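As structure tokens, the structure follows; a few thoughts come after it.
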Amino acid sequence: MPRLAGPTTRLGAVVALATAFAVGILLSGCDSNPENATHVGEGEAIKLGNLLYNVQITRYLNPKDPEDKAYLAGQPPLSSDQYYLGVFMQIQNESDAAQQVPRDFRVVDTVGTAFKPVPSTSLFALKLGGKVNQNGVLPEPETSAANGPIEGSMVLFRIDSAAIEDRPLTLDIPSSTGAVGHVELDI
């Protein structure tokens, strides 16, 4: 049987190649299931125990900026080599029982320097050690944090200027099971 030549076969080859490419992307090794992840990037969900975390945005907070004053309510002035870092997240409880929010989040730089959360009285602050109701979410609906511009609860850190040079920074999230999740912060 003679083989056809011309635009029809080229079009068929292009369609077949495009289809193969699309299938390859869909079936590639990219596992986006948060239950299998222990290290994710900012904006990707990570499941630790029964809690699903999603760090929405990380940003330096400026005490002199009117927009940032509400995030920094009650915080003391910084020394010349320190910065406030706000990590904003949502936490979803996927179980039928209340779950405890960790107290000991850490931001770690590339040389291993770890920074602990700063206690905060801000209306946007995540209540460290608090509870997430069964099948609930933090920030809770109709709160300042949920209705604010970021729509996330803040964990506040005080970092030094060396950490700015030693990036990327990673947020370590401990779980009730003993595992630790790592979120590379986009800052």
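Note on naming: chains are A, B, ... as they come in the structure tokens, residues start from 1 per chain, ligands start from 1 in the order shown.
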Quick one: residues within 8 Å of Ala163 in chain A, only C-alpha atoms counted, chain neighbours fewer than 6 positions away excluded, as number ranges by chain? A: 109, 113, 169
Can you pull out the residues contacting Ile57 in chain A? Cut-off 9 Å, using only C-alpha atoms, and skip same-chain residues under 4 positions away; I want them as a PyMOL selection string. chain A and resi 42-43+86-89+150+152+185-187
For the residues in the current selection, export C-alpha atoms as a tab-separated table (two decimals), in the first residue's frame.
```tsv
chain	number	residue	atom	x	y	z
A	42	GLU	CA	5.94	28.34	49.46
A	43	GLY	CA	2.39	28.11	48.10
A	86	GLY	CA	6.02	37.48	58.74
A	87	VAL	CA	5.11	33.99	57.50
A	88	PHE	CA	1.40	33.88	56.58
A	89	MET	CA	-0.37	30.55	56.33
A	150	ILE	CA	-3.41	38.04	52.81
A	152	GLY	CA	-3.75	33.94	56.41
A	185	LEU	CA	10.26	30.43	51.75
A	186	ASP	CA	10.09	32.63	48.67
A	187	ILE	CA	11.87	35.67	50.02
```
Using DSSP on the backbone coordinates, identify all residues within chain A classified as strand (DSSP E or B); present the result as a PyMOL selection string. chain A and resi 39-41+45-48+51-61+82-93+99-100+106-108+114-115+117+125+131-132+137-138+153-160+170-174+180-184
Using only C-alpha atoms: which of A:Leu126, A:Val137, A:Leu52, A:Val108 has the shortest distance to His182 in chain A: A:Val108
Would you return as a PDB file with C-alpha atoms, in the first residue's frame the members of chain A that DSSP assigns to helix (DSSP H, G or I) on this structure's backbone?
```
ATOM      1  CA  PRO A   7       0.428  18.125   4.867  1.00  0.00           C
ATOM      2  CA  THR A   8      -1.989  15.474   6.146  1.00  0.00           C
ATOM      3  CA  THR A   9       0.771  13.255   7.531  1.00  0.00           C
ATOM      4  CA  ARG A  10       2.708  16.210   8.955  1.00  0.00           C
ATOM      5  CA  LEU A  11      -0.413  17.386  10.749  1.00  0.00           C
ATOM      6  CA  GLY A  12      -0.953  13.891  12.086  1.00  0.00           C
ATOM      7  CA  ALA A  13       2.642  13.745  13.306  1.00  0.00           C
ATOM      8  CA  VAL A  14       2.301  17.128  15.033  1.00  0.00           C
ATOM      9  CA  VAL A  15      -0.936  16.057  16.737  1.00  0.00           C
ATOM     10  CA  ALA A  16       0.608  12.762  17.844  1.00  0.00           C
ATOM     11  CA  LEU A  17       3.690  14.528  19.186  1.00  0.00           C
ATOM     12  CA  ALA A  18       1.592  17.116  21.058  1.00  0.00           C
ATOM     13  CA  THR A  19      -0.567  14.359  22.551  1.00  0.00           C
ATOM     14  CA  ALA A  20       2.483  12.384  23.650  1.00  0.00           C
ATOM     15  CA  PHE A  21       3.973  15.511  25.214  1.00  0.00           C
ATOM     16  CA  ALA A  22       0.764  16.272  27.143  1.00  0.00           C
ATOM     17  CA  VAL A  23       0.476  12.680  28.383  1.00  0.00           C
ATOM     18  CA  GLY A  24       4.136  12.759  29.406  1.00  0.00           C
ATOM     19  CA  ILE A  25       3.586  15.850  31.520  1.00  0.00           C
ATOM     20  CA  LEU A  26       0.524  14.328  33.176  1.00  0.00           C
ATOM     21  CA  LEU A  27       2.279  11.074  33.947  1.00  0.00           C
ATOM     22  CA  PRO A  34       0.693  16.882  50.071  1.00  0.00           C
ATOM     23  CA  GLU A  35       0.520  13.654  52.094  1.00  0.00           C
ATOM     24  CA  ASN A  36       3.708  12.422  50.418  1.00  0.00           C
ATOM     25  CA  SER A 144      -9.210  39.877  60.947  1.00  0.00           C
ATOM     26  CA  ALA A 145      -6.677  37.387  59.576  1.00  0.00           C
ATOM     27  CA  ALA A 146      -9.229  35.617  57.347  1.00  0.00           C
ATOM     28  CA  ASN A 147     -10.662  38.877  56.016  1.00  0.00           C
ATOM     29  CA  SER A 161      20.849  40.607  58.672  1.00  0.00           C
ATOM     30  CA  ALA A 162      23.097  37.570  58.142  1.00  0.00           C
ATOM     31  CA  ALA A 163      19.995  35.447  57.452  1.00  0.00           C
ATOM     32  CA  ILE A 164      19.121  37.716  54.540  1.00  0.00           C
ATOM     33  CA  GLU A 165      22.437  36.755  52.949  1.00  0.00           C
TER      34      GLU A 165
END
```
Have a look at A:Tyr53, A:Ser122, A:Gln134, A:Thr170 and name the one nearest to Ser95 in chain A; count only C-alpha atoms.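 The answer is A:Gln134, which sits nearest to Ser95 in chain A.
Interatomic distance, CA of Pro102 in chain A against CA of Gly129 in chain A: 5.2 Å.
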Could you give me, as a PyMOL selection string, the residues within 8 Å of Gln100 in chain A, counting only C-alpha atoms and dropping anything in the same chain fewer than 4 positions from it? chain A and resi 129-132
For the residues selected in the previous step, produce a file with all heavy atoms as a PDB file, in the first residue's frame.
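Final file, out38.pdb:
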```
ATOM      1  N   GLY A 129       0.337  26.954  69.704  1.00  0.00           N
ATOM      2  CA  GLY A 129      -0.133  26.051  70.748  1.00  0.00           C
ATOM      3  C   GLY A 129      -1.645  26.010  70.862  1.00  0.00           C
ATOM      4  O   GLY A 129      -2.183  25.263  71.671  1.00  0.00           O
ATOM      5  N   GLY A 130      -2.342  26.808  70.043  1.00  0.00           N
ATOM      6  CA  GLY A 130      -3.805  26.820  70.063  1.00  0.00           C
ATOM      7  C   GLY A 130      -4.381  25.590  69.383  1.00  0.00           C
ATOM      8  O   GLY A 130      -3.659  24.654  69.034  1.00  0.00           O
ATOM      9  N   LYS A 131      -5.658  25.601  69.190  1.00  0.00           N
ATOM     10  CA  LYS A 131      -6.351  24.451  68.588  1.00  0.00           C
ATOM     11  C   LYS A 131      -6.963  24.818  67.249  1.00  0.00           C
ATOM     12  O   LYS A 131      -7.363  25.952  67.027  1.00  0.00           O
ATOM     13  CB  LYS A 131      -7.484  23.970  69.504  1.00  0.00           C
ATOM     14  CG  LYS A 131      -7.023  23.476  70.853  1.00  0.00           C
ATOM     15  CD  LYS A 131      -6.527  22.071  70.783  1.00  0.00           C
ATOM     16  CE  LYS A 131      -6.174  21.560  72.176  1.00  0.00           C
ATOM     17  NZ  LYS A 131      -5.552  20.287  72.148  1.00  0.00           N
ATOM     18  N   VAL A 132      -7.021  23.812  66.371  1.00  0.00           N
ATOM     19  CA  VAL A 132      -7.790  23.900  65.141  1.00  0.00           C
ATOM     20  C   VAL A 132      -8.981  22.977  65.350  1.00  0.00           C
ATOM     21  O   VAL A 132      -8.801  21.781  65.607  1.00  0.00           O
ATOM     22  CB  VAL A 132      -6.998  23.431  63.894  1.00  0.00           C
ATOM     23  CG1 VAL A 132      -7.794  23.687  62.630  1.00  0.00           C
ATOM     24  CG2 VAL A 132      -5.634  24.081  63.820  1.00  0.00           C
TER      25      VAL A 132
END
```
Find the distance between CA of Gly49 in chain A and CA of Ser175 in chain A and write it in Å to one decimal. 6.1 Å
So that I can check the surroundings of Thr38 in chain A, please list as a ChimeraX atom specification every protein, DNA and RNA residue that reaches within 12 Å of it, counting only C-alpha atoms and ignoring chain neighbours fewer than 2 positions away. /A:31-36,40-41,44-49,52-53,171-175,179-184
With distances taken over only C-alpha atoms, which of A:Thr58, A:Asn135, A:Thr143, A:Ser120 is nearest to Leu72 in chain A?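 Among A:Thr58, A:Asn135, A:Thr143, A:Ser120, it is A:Ser120 that comes nearest to Leu72 in chain A.
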I'd like the contact shell of Pro63 in chain A - 9 Å cut-off, only C-alpha atoms, skipping same-chain residues fewer than 5 positions apart - returned as a PyMOL selection string. chain A and resi 68-69+71-72+75+77-78+84
Prev. selection, N, CA and C atoms, output as a PDB file, in the first residue's frame:
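Saved to part-v3.pdb:
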```
ATOM      1  N   ASP A  68       1.998  47.780  57.754  1.00  0.00           N
ATOM      2  CA  ASP A  68       2.561  46.710  58.576  1.00  0.00           C
ATOM      3  C   ASP A  68       2.350  46.916  60.072  1.00  0.00           C
ATOM      4  N   LYS A  69       1.906  48.080  60.496  1.00  0.00           N
ATOM      5  CA  LYS A  69       1.757  48.357  61.933  1.00  0.00           C
ATOM      6  C   LYS A  69       0.809  47.382  62.624  1.00  0.00           C
ATOM      7  N   TYR A  71       0.324  44.290  61.895  1.00  0.00           N
ATOM      8  CA  TYR A  71       1.002  43.004  62.041  1.00  0.00           C
ATOM      9  C   TYR A  71       2.003  43.035  63.202  1.00  0.00           C
ATOM     10  N   LEU A  72       2.524  44.223  63.500  1.00  0.00           N
ATOM     11  CA  LEU A  72       3.588  44.361  64.490  1.00  0.00           C
ATOM     12  C   LEU A  72       3.101  44.982  65.802  1.00  0.00           C
ATOM     13  N   GLN A  75       5.113  45.118  69.286  1.00  0.00           N
ATOM     14  CA  GLN A  75       6.498  44.651  69.133  1.00  0.00           C
ATOM     15  C   GLN A  75       7.486  45.768  69.443  1.00  0.00           C
ATOM     16  N   PRO A  77      11.059  48.004  69.228  1.00  0.00           N
ATOM     17  CA  PRO A  77      11.915  48.417  68.101  1.00  0.00           C
ATOM     18  C   PRO A  77      13.044  47.406  67.893  1.00  0.00           C
ATOM     19  N   LEU A  78      13.508  47.314  66.671  1.00  0.00           N
ATOM     20  CA  LEU A  78      14.580  46.386  66.320  1.00  0.00           C
ATOM     21  C   LEU A  78      15.939  47.069  66.401  1.00  0.00           C
ATOM     22  N   TYR A  84      11.935  42.093  61.034  1.00  0.00           N
ATOM     23  CA  TYR A  84      10.755  41.266  61.311  1.00  0.00           C
ATOM     24  C   TYR A  84      10.385  40.529  60.029  1.00  0.00           C
TER      25      TYR A  84
END
```
Measuring between only C-alpha atoms, which one of A:Ala97, A:Ile91, A:Leu85, A:Ala125 shows the shortest distance to Gln56 in chain A?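 Smallest distance to Gln56 in chain A is found for A:Ile91.
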What does the distance between CA of Leu51 in chain A and CA of Pro139 in chain A come to in Å, to one decimal place?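 About the pair CA of Leu51 in chain A and CA of Pro139 in chain A: they are 13.2 Å apart.
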